[in-house]
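Asks: Contents of input.txt (compact mmCIF, N, CA and C atoms):
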```txt
# COMPACT_ATOMS: atom_id res chain seq x y z
N MET V 231 2.29 267.08 -32.24
CA MET V 231 3.65 266.65 -32.48
C MET V 231 3.59 265.32 -33.23
N THR V 232 4.53 265.12 -34.12
CA THR V 232 4.55 263.89 -34.91
C THR V 232 5.92 263.23 -34.77
N ILE V 233 5.89 261.93 -34.49
CA ILE V 233 7.11 261.13 -34.47
C ILE V 233 7.06 260.16 -35.65
N TYR V 234 8.20 259.56 -35.97
CA TYR V 234 8.21 258.56 -37.04
C TYR V 234 9.23 257.48 -36.75
N LYS V 235 9.04 256.36 -37.39
CA LYS V 235 9.99 255.25 -37.34
C LYS V 235 10.09 254.69 -38.75
N GLU V 236 11.31 254.28 -39.12
CA GLU V 236 11.56 253.74 -40.45
C GLU V 236 11.76 252.24 -40.40
N PHE V 237 11.31 251.58 -41.46
CA PHE V 237 11.42 250.13 -41.62
C PHE V 237 11.85 249.84 -43.05
N THR V 238 12.46 248.68 -43.27
CA THR V 238 12.77 248.24 -44.62
C THR V 238 12.32 246.80 -44.79
N PHE V 239 12.02 246.45 -46.02
CA PHE V 239 11.76 245.06 -46.37
C PHE V 239 12.08 244.86 -47.83
N ASP V 240 12.39 243.62 -48.18
CA ASP V 240 12.70 243.25 -49.55
C ASP V 240 11.61 242.33 -50.07
N ALA V 241 11.19 242.56 -51.30
CA ALA V 241 10.13 241.73 -51.87
C ALA V 241 10.20 241.77 -53.39
N ALA V 242 9.63 240.73 -54.00
CA ALA V 242 9.56 240.63 -55.45
C ALA V 242 8.11 240.78 -55.91
N HIS V 243 7.93 241.20 -57.15
CA HIS V 243 6.58 241.31 -57.72
C HIS V 243 6.70 241.54 -59.22
N PHE V 244 5.55 241.51 -59.86
CA PHE V 244 5.44 242.00 -61.23
C PHE V 244 4.09 242.67 -61.35
N LEU V 245 3.95 243.52 -62.35
CA LEU V 245 2.69 244.23 -62.57
C LEU V 245 2.04 243.69 -63.83
N ALA V 246 0.95 242.98 -63.65
CA ALA V 246 0.28 242.31 -64.76
C ALA V 246 -0.50 243.29 -65.65
N ASN V 247 -0.88 244.44 -65.12
CA ASN V 247 -1.77 245.34 -65.85
C ASN V 247 -1.05 246.41 -66.65
N VAL V 248 0.26 246.34 -66.74
CA VAL V 248 1.00 247.32 -67.54
C VAL V 248 1.10 246.81 -68.98
N PRO V 249 1.35 247.70 -69.95
CA PRO V 249 1.41 247.27 -71.35
C PRO V 249 2.55 246.29 -71.62
N GLU V 250 2.37 245.50 -72.65
CA GLU V 250 3.44 244.59 -73.08
C GLU V 250 4.69 245.41 -73.34
N GLY V 251 5.83 244.86 -72.96
CA GLY V 251 7.09 245.54 -73.15
C GLY V 251 7.49 246.44 -71.98
N HIS V 252 6.58 246.73 -71.07
CA HIS V 252 6.92 247.56 -69.89
C HIS V 252 7.81 246.74 -68.98
N LYS V 253 8.89 247.33 -68.48
CA LYS V 253 9.86 246.57 -67.69
C LYS V 253 9.26 246.01 -66.39
N CYS V 254 8.22 246.63 -65.86
CA CYS V 254 7.62 246.16 -64.61
C CYS V 254 6.70 244.95 -64.81
N LYS V 255 6.47 244.57 -66.06
CA LYS V 255 5.67 243.37 -66.34
C LYS V 255 6.49 242.11 -66.01
N GLN V 256 7.81 242.25 -65.98
CA GLN V 256 8.71 241.14 -65.65
C GLN V 256 8.88 241.04 -64.13
N LEU V 257 9.13 239.84 -63.66
CA LEU V 257 9.42 239.61 -62.25
C LEU V 257 10.67 240.42 -61.87
N HIS V 258 10.56 241.18 -60.78
CA HIS V 258 11.68 241.96 -60.28
C HIS V 258 11.47 242.24 -58.80
N GLY V 259 12.46 242.79 -58.15
CA GLY V 259 12.36 243.04 -56.72
C GLY V 259 12.80 244.44 -56.33
N HIS V 260 12.46 244.79 -55.11
CA HIS V 260 12.80 246.10 -54.55
C HIS V 260 13.19 245.94 -53.10
N THR V 261 14.00 246.87 -52.63
CA THR V 261 14.15 247.09 -51.20
C THR V 261 13.26 248.29 -50.90
N TYR V 262 12.19 248.03 -50.17
CA TYR V 262 11.22 249.06 -49.83
C TYR V 262 11.64 249.75 -48.53
N PHE V 263 11.40 251.05 -48.47
CA PHE V 263 11.65 251.83 -47.26
C PHE V 263 10.31 252.41 -46.81
N LEU V 264 9.91 252.06 -45.60
CA LEU V 264 8.63 252.51 -45.05
C LEU V 264 8.90 253.45 -43.88
N LYS V 265 8.21 254.58 -43.88
CA LYS V 265 8.29 255.52 -42.77
C LYS V 265 6.87 255.68 -42.22
N VAL V 266 6.70 255.42 -40.93
CA VAL V 266 5.39 255.47 -40.27
C VAL V 266 5.38 256.66 -39.32
N TYR V 267 4.39 257.54 -39.50
CA TYR V 267 4.25 258.75 -38.68
C TYR V 267 3.07 258.60 -37.72
N VAL V 268 3.29 258.99 -36.48
CA VAL V 268 2.27 258.94 -35.44
C VAL V 268 2.19 260.32 -34.81
N SER V 269 0.96 260.85 -34.67
CA SER V 269 0.78 262.20 -34.12
C SER V 269 0.00 262.16 -32.82
N GLY V 270 0.33 263.10 -31.96
CA GLY V 270 -0.37 263.25 -30.70
C GLY V 270 0.40 264.18 -29.80
N GLU V 271 -0.12 264.39 -28.63
CA GLU V 271 0.57 265.21 -27.63
C GLU V 271 1.41 264.29 -26.74
N PRO V 272 2.60 264.73 -26.38
CA PRO V 272 3.40 263.93 -25.45
C PRO V 272 2.63 263.74 -24.14
N GLU V 273 2.62 262.50 -23.68
CA GLU V 273 1.84 262.16 -22.49
C GLU V 273 2.76 261.89 -21.31
N LEU V 274 2.26 262.22 -20.13
CA LEU V 274 2.99 261.98 -18.90
C LEU V 274 2.89 260.51 -18.52
N PRO V 275 3.79 259.91 -17.80
CA PRO V 275 4.97 260.57 -17.24
C PRO V 275 6.16 260.61 -18.20
N GLU V 276 6.10 259.83 -19.31
CA GLU V 276 7.26 259.72 -20.20
C GLU V 276 7.52 260.98 -21.01
N GLN V 277 6.46 261.72 -21.31
CA GLN V 277 6.51 262.91 -22.16
C GLN V 277 6.91 262.57 -23.58
N TRP V 278 6.32 261.49 -24.09
CA TRP V 278 6.50 261.14 -25.49
C TRP V 278 5.15 260.85 -26.13
N VAL V 279 5.10 260.96 -27.44
CA VAL V 279 3.87 260.67 -28.18
C VAL V 279 3.57 259.18 -28.10
N MET V 280 4.62 258.38 -28.24
CA MET V 280 4.48 256.92 -28.19
C MET V 280 5.87 256.32 -28.02
N ASP V 281 5.95 255.22 -27.36
CA ASP V 281 7.21 254.49 -27.21
C ASP V 281 7.57 253.89 -28.57
N TYR V 282 8.77 254.16 -29.05
CA TYR V 282 9.19 253.64 -30.35
C TYR V 282 9.16 252.11 -30.38
N SER V 283 9.44 251.47 -29.27
CA SER V 283 9.40 250.00 -29.25
C SER V 283 7.96 249.50 -29.39
N ASP V 284 6.99 250.24 -28.86
CA ASP V 284 5.58 249.87 -29.06
C ASP V 284 5.19 250.05 -30.53
N LEU V 285 5.67 251.11 -31.14
CA LEU V 285 5.40 251.35 -32.56
C LEU V 285 5.98 250.21 -33.40
N LYS V 286 7.21 249.83 -33.10
CA LYS V 286 7.84 248.72 -33.81
C LYS V 286 7.06 247.42 -33.63
N ALA V 287 6.56 247.17 -32.42
CA ALA V 287 5.81 245.95 -32.15
C ALA V 287 4.51 245.88 -32.95
N ILE V 288 3.94 247.03 -33.29
CA ILE V 288 2.72 247.07 -34.09
C ILE V 288 3.03 246.88 -35.57
N VAL V 289 4.08 247.53 -36.06
CA VAL V 289 4.37 247.54 -37.49
C VAL V 289 5.12 246.29 -37.95
N LYS V 290 6.03 245.78 -37.14
CA LYS V 290 6.88 244.67 -37.57
C LYS V 290 6.10 243.44 -38.03
N PRO V 291 5.04 243.00 -37.36
CA PRO V 291 4.29 241.84 -37.87
C PRO V 291 3.69 242.06 -39.26
N VAL V 292 3.35 243.29 -39.58
CA VAL V 292 2.83 243.61 -40.91
C VAL V 292 3.97 243.53 -41.93
N ILE V 293 5.11 244.09 -41.59
CA ILE V 293 6.27 244.02 -42.47
C ILE V 293 6.69 242.58 -42.68
N ASP V 294 6.61 241.77 -41.64
CA ASP V 294 6.99 240.35 -41.76
C ASP V 294 6.13 239.60 -42.77
N GLN V 295 4.91 240.07 -43.01
CA GLN V 295 4.05 239.45 -44.02
C GLN V 295 4.52 239.75 -45.44
N LEU V 296 5.39 240.75 -45.59
CA LEU V 296 5.86 241.20 -46.90
C LEU V 296 7.33 240.89 -47.15
N ASP V 297 8.12 240.85 -46.11
CA ASP V 297 9.57 240.74 -46.27
C ASP V 297 9.97 239.40 -46.88
N HIS V 298 10.76 239.49 -47.96
CA HIS V 298 11.23 238.33 -48.72
C HIS V 298 10.07 237.47 -49.23
N LYS V 299 9.01 238.15 -49.65
CA LYS V 299 7.84 237.47 -50.20
C LYS V 299 7.64 237.88 -51.65
N PHE V 300 6.85 237.06 -52.35
CA PHE V 300 6.39 237.39 -53.69
C PHE V 300 5.05 238.09 -53.50
N LEU V 301 5.02 239.40 -53.66
CA LEU V 301 3.86 240.20 -53.29
C LEU V 301 2.60 239.80 -54.04
N ASN V 302 2.71 239.35 -55.28
CA ASN V 302 1.53 238.95 -56.04
C ASN V 302 0.78 237.81 -55.38
N ASP V 303 1.44 237.06 -54.50
CA ASP V 303 0.80 235.94 -53.80
C ASP V 303 0.22 236.33 -52.45
N VAL V 304 0.43 237.57 -52.01
CA VAL V 304 -0.11 238.03 -50.73
C VAL V 304 -1.55 238.47 -50.95
N GLN V 305 -2.46 237.94 -50.13
CA GLN V 305 -3.88 238.27 -50.28
C GLN V 305 -4.10 239.78 -50.19
N GLY V 306 -4.76 240.33 -51.20
CA GLY V 306 -5.01 241.76 -51.28
C GLY V 306 -3.97 242.52 -52.09
N LEU V 307 -2.92 241.82 -52.51
CA LEU V 307 -1.85 242.46 -53.27
C LEU V 307 -1.65 241.80 -54.63
N GLU V 308 -2.71 241.34 -55.22
CA GLU V 308 -2.59 240.62 -56.49
C GLU V 308 -2.00 241.48 -57.60
N ASN V 309 -2.21 242.80 -57.55
CA ASN V 309 -1.56 243.74 -58.48
C ASN V 309 -0.80 244.75 -57.64
N PRO V 310 0.38 244.36 -57.15
CA PRO V 310 1.07 245.13 -56.11
C PRO V 310 1.84 246.36 -56.59
N THR V 311 1.10 247.37 -57.07
CA THR V 311 1.73 248.65 -57.34
C THR V 311 2.15 249.26 -56.00
N ALA V 312 3.00 250.25 -56.03
CA ALA V 312 3.40 250.92 -54.80
C ALA V 312 2.18 251.51 -54.09
N GLU V 313 1.22 252.00 -54.87
CA GLU V 313 0.01 252.57 -54.28
C GLU V 313 -0.81 251.50 -53.56
N VAL V 314 -0.95 250.35 -54.17
CA VAL V 314 -1.72 249.25 -53.57
C VAL V 314 -1.03 248.74 -52.30
N VAL V 315 0.27 248.58 -52.36
CA VAL V 315 1.03 248.10 -51.19
C VAL V 315 0.92 249.11 -50.04
N THR V 316 1.01 250.38 -50.35
CA THR V 316 0.92 251.41 -49.31
C THR V 316 -0.44 251.39 -48.64
N ARG V 317 -1.51 251.32 -49.42
CA ARG V 317 -2.86 251.27 -48.84
C ARG V 317 -3.03 249.99 -48.02
N TRP V 318 -2.51 248.87 -48.49
CA TRP V 318 -2.60 247.59 -47.78
C TRP V 318 -1.93 247.70 -46.41
N ILE V 319 -0.73 248.30 -46.37
CA ILE V 319 -0.02 248.47 -45.10
C ILE V 319 -0.84 249.36 -44.17
N TRP V 320 -1.36 250.46 -44.69
CA TRP V 320 -2.18 251.38 -43.88
C TRP V 320 -3.35 250.63 -43.25
N GLN V 321 -4.06 249.85 -44.05
CA GLN V 321 -5.24 249.14 -43.56
C GLN V 321 -4.89 248.10 -42.51
N LYS V 322 -3.69 247.55 -42.56
CA LYS V 322 -3.26 246.58 -41.55
C LYS V 322 -2.84 247.25 -40.25
N ILE V 323 -2.23 248.43 -40.34
CA ILE V 323 -1.69 249.11 -39.16
C ILE V 323 -2.75 249.94 -38.43
N LYS V 324 -3.57 250.66 -39.16
CA LYS V 324 -4.49 251.65 -38.60
C LYS V 324 -5.38 251.12 -37.47
N PRO V 325 -5.96 249.92 -37.58
CA PRO V 325 -6.85 249.47 -36.49
C PRO V 325 -6.17 249.36 -35.13
N THR V 326 -4.87 249.09 -35.10
CA THR V 326 -4.18 248.96 -33.82
C THR V 326 -3.34 250.19 -33.49
N LEU V 327 -3.38 251.20 -34.33
CA LEU V 327 -2.59 252.40 -34.13
C LEU V 327 -3.44 253.63 -34.46
N PRO V 328 -4.37 254.00 -33.56
CA PRO V 328 -5.29 255.11 -33.85
C PRO V 328 -4.59 256.44 -34.11
N LYS V 329 -3.39 256.63 -33.56
CA LYS V 329 -2.67 257.89 -33.75
C LYS V 329 -1.93 257.94 -35.09
N LEU V 330 -2.07 256.89 -35.91
CA LEU V 330 -1.38 256.87 -37.20
C LEU V 330 -1.80 258.08 -38.02
N LYS V 331 -0.81 258.81 -38.51
CA LYS V 331 -1.07 260.05 -39.26
C LYS V 331 -0.75 259.91 -40.74
N ARG V 332 0.35 259.19 -41.04
CA ARG V 332 0.84 259.17 -42.40
C ARG V 332 1.83 258.03 -42.55
N ILE V 333 1.89 257.46 -43.76
CA ILE V 333 2.96 256.53 -44.07
C ILE V 333 3.55 256.91 -45.42
N GLU V 334 4.84 256.66 -45.56
CA GLU V 334 5.53 256.88 -46.82
C GLU V 334 6.20 255.56 -47.19
N LEU V 335 6.01 255.13 -48.42
CA LEU V 335 6.65 253.91 -48.91
C LEU V 335 7.47 254.26 -50.14
N LYS V 336 8.79 254.05 -50.04
CA LYS V 336 9.67 254.26 -51.18
C LYS V 336 9.95 252.92 -51.81
N GLU V 337 9.65 252.83 -53.10
CA GLU V 337 9.89 251.61 -53.85
C GLU V 337 11.30 251.60 -54.46
N THR V 338 11.77 252.78 -54.78
CA THR V 338 13.14 252.98 -55.28
C THR V 338 13.69 254.20 -54.55
N PRO V 339 14.97 254.48 -54.68
CA PRO V 339 15.51 255.67 -54.02
C PRO V 339 14.85 256.98 -54.47
N THR V 340 14.22 256.99 -55.64
CA THR V 340 13.65 258.24 -56.16
C THR V 340 12.13 258.20 -56.36
N SER V 341 11.47 257.10 -55.98
CA SER V 341 10.03 256.98 -56.24
C SER V 341 9.32 256.40 -55.03
N GLY V 342 8.16 256.96 -54.72
CA GLY V 342 7.41 256.46 -53.57
C GLY V 342 6.00 257.00 -53.51
N VAL V 343 5.32 256.61 -52.45
CA VAL V 343 3.92 256.95 -52.24
C VAL V 343 3.76 257.49 -50.82
N ILE V 344 2.94 258.52 -50.66
CA ILE V 344 2.57 259.04 -49.35
C ILE V 344 1.08 258.79 -49.17
N TYR V 345 0.70 258.24 -48.02
CA TYR V 345 -0.70 257.99 -47.72
C TYR V 345 -1.00 258.57 -46.36
N GLU V 346 -2.07 259.37 -46.28
CA GLU V 346 -2.48 259.96 -45.02
C GLU V 346 -3.98 260.18 -45.03
N GLU V 347 -4.52 260.30 -43.82
CA GLU V 347 -5.96 260.53 -43.73
C GLU V 347 -6.30 261.94 -44.16
```
Take the structure from the file and write it as structure tokens.
Replies:
Amino acid sequence: MTIYKEFTFDAAHFLANVPEGHKCKQLHGHTYFLKVYVSGEPELPEQWVMDYSDLKAIVKPVIDQLDHKFLNDVQGLENPTAEVVTRWIWQKIKPTLPKLKRIELKETPTSGVIYEE
């Protein structure tokens, strides 16, 4: 069984490695939507995969490192494409959340990245 919880954060960035004239080379921002999936069997006595408040307690400190930040200044995110940011989040969450199955990061309402083992 898989459960999920959604998070949002706002951040600014630019992409230095895109060609001249590309709109993402300029400083701009996004409201990111993150969905974190956790898989396992519901455990007794609660009969849930995981307490949603425990999931939030694990993910929120990672989100706080990104929210209202300039991503290019965050260590490990010097070229903060959606793919790089997604992998960075995964690497921060996975050590404390062994049941982590998948994360989805939407950079815009129509564009995003899925990362899973």
Asks: Distance table requested - range 236-292 of chain V against range 302-321 of chain V, cut-off 12 Å, only C-alpha atoms: one row per qualifying residue with the closest atom pair and its distance in Å to one decimal, ordered by chain and rising residue number, as CSV.
Replies:
```
residue,atom,partner,partner_atom,distance
V:Ala241,CA,V:Asn302,CA,10.0
V:Ala242,CA,V:Asn302,CA,8.2
V:His243,CA,V:Asn302,CA,5.8
V:Phe244,CA,V:Asn302,CA,7.2
V:Leu245,CA,V:Asn309,CA,5.9
V:Ala246,CA,V:Asn309,CA,6.7
V:Asn247,CA,V:Asn309,CA,7.5
V:Val248,CA,V:Asn309,CA,10.1
V:Cys254,CA,V:Thr311,CA,9.7
V:Lys255,CA,V:Asn309,CA,10.7
V:Leu257,CA,V:Asn302,CA,10.1
V:His258,CA,V:Asn302,CA,11.4
V:Gly259,CA,V:Pro310,CA,11.5
V:His260,CA,V:Ala312,CA,10.6
V:Thr261,CA,V:Ala312,CA,12.0
V:Tyr262,CA,V:Ala312,CA,9.5
V:Phe263,CA,V:Thr316,CA,10.9
V:Leu264,CA,V:Thr316,CA,8.9
V:Lys265,CA,V:Thr316,CA,10.7
V:Val266,CA,V:Trp320,CA,9.3
V:Tyr267,CA,V:Trp320,CA,11.1
V:Ile288,CA,V:Ile319,CA,11.4
V:Val289,CA,V:Ile319,CA,8.8
V:Lys290,CA,V:Ile319,CA,10.9
V:Pro291,CA,V:Ile319,CA,10.7
V:Val292,CA,V:Ile319,CA,7.0
```
Asks: Once DSSP has gone over the backbone, tell me which residues of chain V are in strand (DSSP E or B), as a tab-separated table (two decimals) with N, CA and C atoms, in the frame of the given file.
Replies:
```
chain	number	residue	atom	x	y	z
V	232	THR	N	4.53	265.12	-34.12
V	232	THR	CA	4.55	263.89	-34.91
V	232	THR	C	5.92	263.23	-34.77
V	233	ILE	N	5.89	261.93	-34.49
V	233	ILE	CA	7.11	261.13	-34.47
V	233	ILE	C	7.06	260.16	-35.65
V	234	TYR	N	8.20	259.56	-35.97
V	234	TYR	CA	8.21	258.56	-37.04
V	234	TYR	C	9.23	257.48	-36.75
V	235	LYS	N	9.04	256.36	-37.39
V	235	LYS	CA	9.99	255.25	-37.34
V	235	LYS	C	10.09	254.69	-38.75
V	236	GLU	N	11.31	254.28	-39.12
V	236	GLU	CA	11.56	253.74	-40.45
V	236	GLU	C	11.76	252.24	-40.40
V	237	PHE	N	11.31	251.58	-41.46
V	237	PHE	CA	11.42	250.13	-41.62
V	237	PHE	C	11.85	249.84	-43.05
V	238	THR	N	12.46	248.68	-43.27
V	238	THR	CA	12.77	248.24	-44.62
V	238	THR	C	12.32	246.80	-44.79
V	239	PHE	N	12.02	246.45	-46.02
V	239	PHE	CA	11.76	245.06	-46.37
V	239	PHE	C	12.08	244.86	-47.83
V	240	ASP	N	12.39	243.62	-48.18
V	240	ASP	CA	12.70	243.25	-49.55
V	240	ASP	C	11.61	242.33	-50.07
V	241	ALA	N	11.19	242.56	-51.30
V	241	ALA	CA	10.13	241.73	-51.87
V	241	ALA	C	10.20	241.77	-53.39
V	242	ALA	N	9.63	240.73	-54.00
V	242	ALA	CA	9.56	240.63	-55.45
V	242	ALA	C	8.11	240.78	-55.91
V	243	HIS	N	7.93	241.20	-57.15
V	243	HIS	CA	6.58	241.31	-57.72
V	243	HIS	C	6.70	241.54	-59.22
V	258	HIS	N	10.56	241.18	-60.78
V	258	HIS	CA	11.68	241.96	-60.28
V	258	HIS	C	11.47	242.24	-58.80
V	259	GLY	N	12.46	242.79	-58.15
V	259	GLY	CA	12.36	243.04	-56.72
V	259	GLY	C	12.80	244.44	-56.33
V	260	HIS	N	12.46	244.79	-55.11
V	260	HIS	CA	12.80	246.10	-54.55
V	260	HIS	C	13.19	245.94	-53.10
V	261	THR	N	14.00	246.87	-52.63
V	261	THR	CA	14.15	247.09	-51.20
V	261	THR	C	13.26	248.29	-50.90
V	262	TYR	N	12.19	248.03	-50.17
V	262	TYR	CA	11.22	249.06	-49.83
V	262	TYR	C	11.64	249.75	-48.53
V	263	PHE	N	11.40	251.05	-48.47
V	263	PHE	CA	11.65	251.83	-47.26
V	263	PHE	C	10.31	252.41	-46.81
V	264	LEU	N	9.91	252.06	-45.60
V	264	LEU	CA	8.63	252.51	-45.05
V	264	LEU	C	8.90	253.45	-43.88
V	265	LYS	N	8.21	254.58	-43.88
V	265	LYS	CA	8.29	255.52	-42.77
V	265	LYS	C	6.87	255.68	-42.22
V	266	VAL	N	6.70	255.42	-40.93
V	266	VAL	CA	5.39	255.47	-40.27
V	266	VAL	C	5.38	256.66	-39.32
V	267	TYR	N	4.39	257.54	-39.50
V	267	TYR	CA	4.25	258.75	-38.68
V	267	TYR	C	3.07	258.60	-37.72
V	268	VAL	N	3.29	258.99	-36.48
V	268	VAL	CA	2.27	258.94	-35.44
V	268	VAL	C	2.19	260.32	-34.81
V	269	SER	N	0.96	260.85	-34.67
V	269	SER	CA	0.78	262.20	-34.12
V	269	SER	C	0.00	262.16	-32.82
V	273	GLU	N	2.62	262.50	-23.68
V	273	GLU	CA	1.84	262.16	-22.49
V	273	GLU	C	2.76	261.89	-21.31
V	278	TRP	N	6.32	261.49	-24.09
V	278	TRP	CA	6.50	261.14	-25.49
V	278	TRP	C	5.15	260.85	-26.13
V	299	LYS	N	9.01	238.15	-49.65
V	299	LYS	CA	7.84	237.47	-50.20
V	299	LYS	C	7.64	237.88	-51.65
V	300	PHE	N	6.85	237.06	-52.35
V	300	PHE	CA	6.39	237.39	-53.69
V	300	PHE	C	5.05	238.09	-53.50
V	330	LEU	N	-2.07	256.89	-35.91
V	330	LEU	CA	-1.38	256.87	-37.20
V	330	LEU	C	-1.80	258.08	-38.02
V	331	LYS	N	-0.81	258.81	-38.51
V	331	LYS	CA	-1.07	260.05	-39.26
V	331	LYS	C	-0.75	259.91	-40.74
V	332	ARG	N	0.35	259.19	-41.04
V	332	ARG	CA	0.84	259.17	-42.40
V	332	ARG	C	1.83	258.03	-42.55
V	333	ILE	N	1.89	257.46	-43.76
V	333	ILE	CA	2.96	256.53	-44.07
V	333	ILE	C	3.55	256.91	-45.42
V	334	GLU	N	4.84	256.66	-45.56
V	334	GLU	CA	5.53	256.88	-46.82
V	334	GLU	C	6.20	255.56	-47.19
V	335	LEU	N	6.01	255.13	-48.42
V	335	LEU	CA	6.65	253.91	-48.91
V	335	LEU	C	7.47	254.26	-50.14
V	336	LYS	N	8.79	254.05	-50.04
V	336	LYS	CA	9.67	254.26	-51.18
V	336	LYS	C	9.95	252.92	-51.81
V	337	GLU	N	9.65	252.83	-53.10
V	337	GLU	CA	9.89	251.61	-53.85
V	337	GLU	C	11.30	251.60	-54.46
V	338	THR	N	11.77	252.78	-54.78
V	338	THR	CA	13.14	252.98	-55.28
V	338	THR	C	13.69	254.20	-54.55
V	341	SER	N	11.47	257.10	-55.98
V	341	SER	CA	10.03	256.98	-56.24
V	341	SER	C	9.32	256.40	-55.03
V	342	GLY	N	8.16	256.96	-54.72
V	342	GLY	CA	7.41	256.46	-53.57
V	342	GLY	C	6.00	257.00	-53.51
V	343	VAL	N	5.32	256.61	-52.45
V	343	VAL	CA	3.92	256.95	-52.24
V	343	VAL	C	3.76	257.49	-50.82
V	344	ILE	N	2.94	258.52	-50.66
V	344	ILE	CA	2.57	259.04	-49.35
V	344	ILE	C	1.08	258.79	-49.17
V	345	TYR	N	0.70	258.24	-48.02
V	345	TYR	CA	-0.70	257.99	-47.72
V	345	TYR	C	-1.00	258.57	-46.36
V	346	GLU	N	-2.07	259.37	-46.28
V	346	GLU	CA	-2.48	259.96	-45.02
V	346	GLU	C	-3.98	260.18	-45.03
```
Asks: In Å, with one decimal, what is the gap from atom N of Gly251 in chain V to atom N of Lys336 in chain V?
Replies: 24.9 Å
Asks: Could you state the separation of CA of Thr238 in chain V and atom C of Ser341 in chain V in Å, given to one decimal place?
Replies: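 Going from CA of Thr238 in chain V over to atom C of Ser341 in chain V, I get 13.7 Å.
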Asks: Between CA of Lys253 in chain V and CA of Glu334 in chain V, what distance in Å does the model show, to one decimal?
Replies: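 Here the two named atoms are 23.7 Å from each other.
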Asks: Considering only C-alpha atoms, can you say which of V:Met280, V:Leu274, V:Ile293, V:Leu335 comes closest to Met231 in chain V?
Replies: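 Answer, going by the shortest atom-to-atom distance: V:Met280.
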Asks: Would you fill the gaps in range 312-317 of chain V so it has all heavy atoms, then print it as a tab-separated table (two decimals), keeping the file's coordinate frame?
Replies:
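Here's the written file out26.tsv:
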```
chain	number	residue	atom	x	y	z
V	312	ALA	N	3.00	250.25	-56.03
V	312	ALA	CA	3.40	250.92	-54.80
V	312	ALA	C	2.18	251.51	-54.09
V	312	ALA	O	2.09	251.47	-52.86
V	312	ALA	CB	4.43	252.01	-55.09
V	313	GLU	N	1.22	252.00	-54.87
V	313	GLU	CA	0.01	252.57	-54.28
V	313	GLU	C	-0.81	251.50	-53.56
V	313	GLU	O	-1.32	251.73	-52.45
V	313	GLU	CB	-0.85	253.23	-55.38
V	313	GLU	CG	-0.22	254.45	-56.01
V	313	GLU	CD	0.71	254.14	-57.18
V	313	GLU	OE1	1.12	252.98	-57.38
V	313	GLU	OE2	1.05	255.10	-57.90
V	314	VAL	N	-0.95	250.35	-54.17
V	314	VAL	CA	-1.72	249.25	-53.57
V	314	VAL	C	-1.03	248.74	-52.30
V	314	VAL	O	-1.68	248.50	-51.29
V	314	VAL	CB	-1.94	248.12	-54.60
V	314	VAL	CG1	-2.52	246.87	-53.94
V	314	VAL	CG2	-2.85	248.60	-55.73
V	315	VAL	N	0.27	248.58	-52.36
V	315	VAL	CA	1.03	248.10	-51.19
V	315	VAL	C	0.92	249.11	-50.04
V	315	VAL	O	0.71	248.72	-48.88
V	315	VAL	CB	2.50	247.82	-51.55
V	315	VAL	CG1	3.30	247.45	-50.31
V	315	VAL	CG2	2.60	246.73	-52.60
V	316	THR	N	1.01	250.38	-50.35
V	316	THR	CA	0.92	251.41	-49.31
V	316	THR	C	-0.44	251.39	-48.64
V	316	THR	O	-0.54	251.42	-47.41
V	316	THR	CB	1.20	252.81	-49.92
V	316	THR	OG1	2.48	252.78	-50.54
V	316	THR	CG2	1.17	253.88	-48.86
V	317	ARG	N	-1.51	251.32	-49.42
V	317	ARG	CA	-2.86	251.27	-48.84
V	317	ARG	C	-3.03	249.99	-48.02
V	317	ARG	O	-3.63	250.01	-46.95
V	317	ARG	CB	-3.92	251.35	-49.92
V	317	ARG	CG	-5.34	251.30	-49.32
V	317	ARG	CD	-6.43	251.45	-50.35
V	317	ARG	NE	-6.46	252.83	-50.80
V	317	ARG	CZ	-6.47	253.21	-52.08
V	317	ARG	NH1	-6.44	252.32	-53.04
V	317	ARG	NH2	-6.50	254.48	-52.40
```
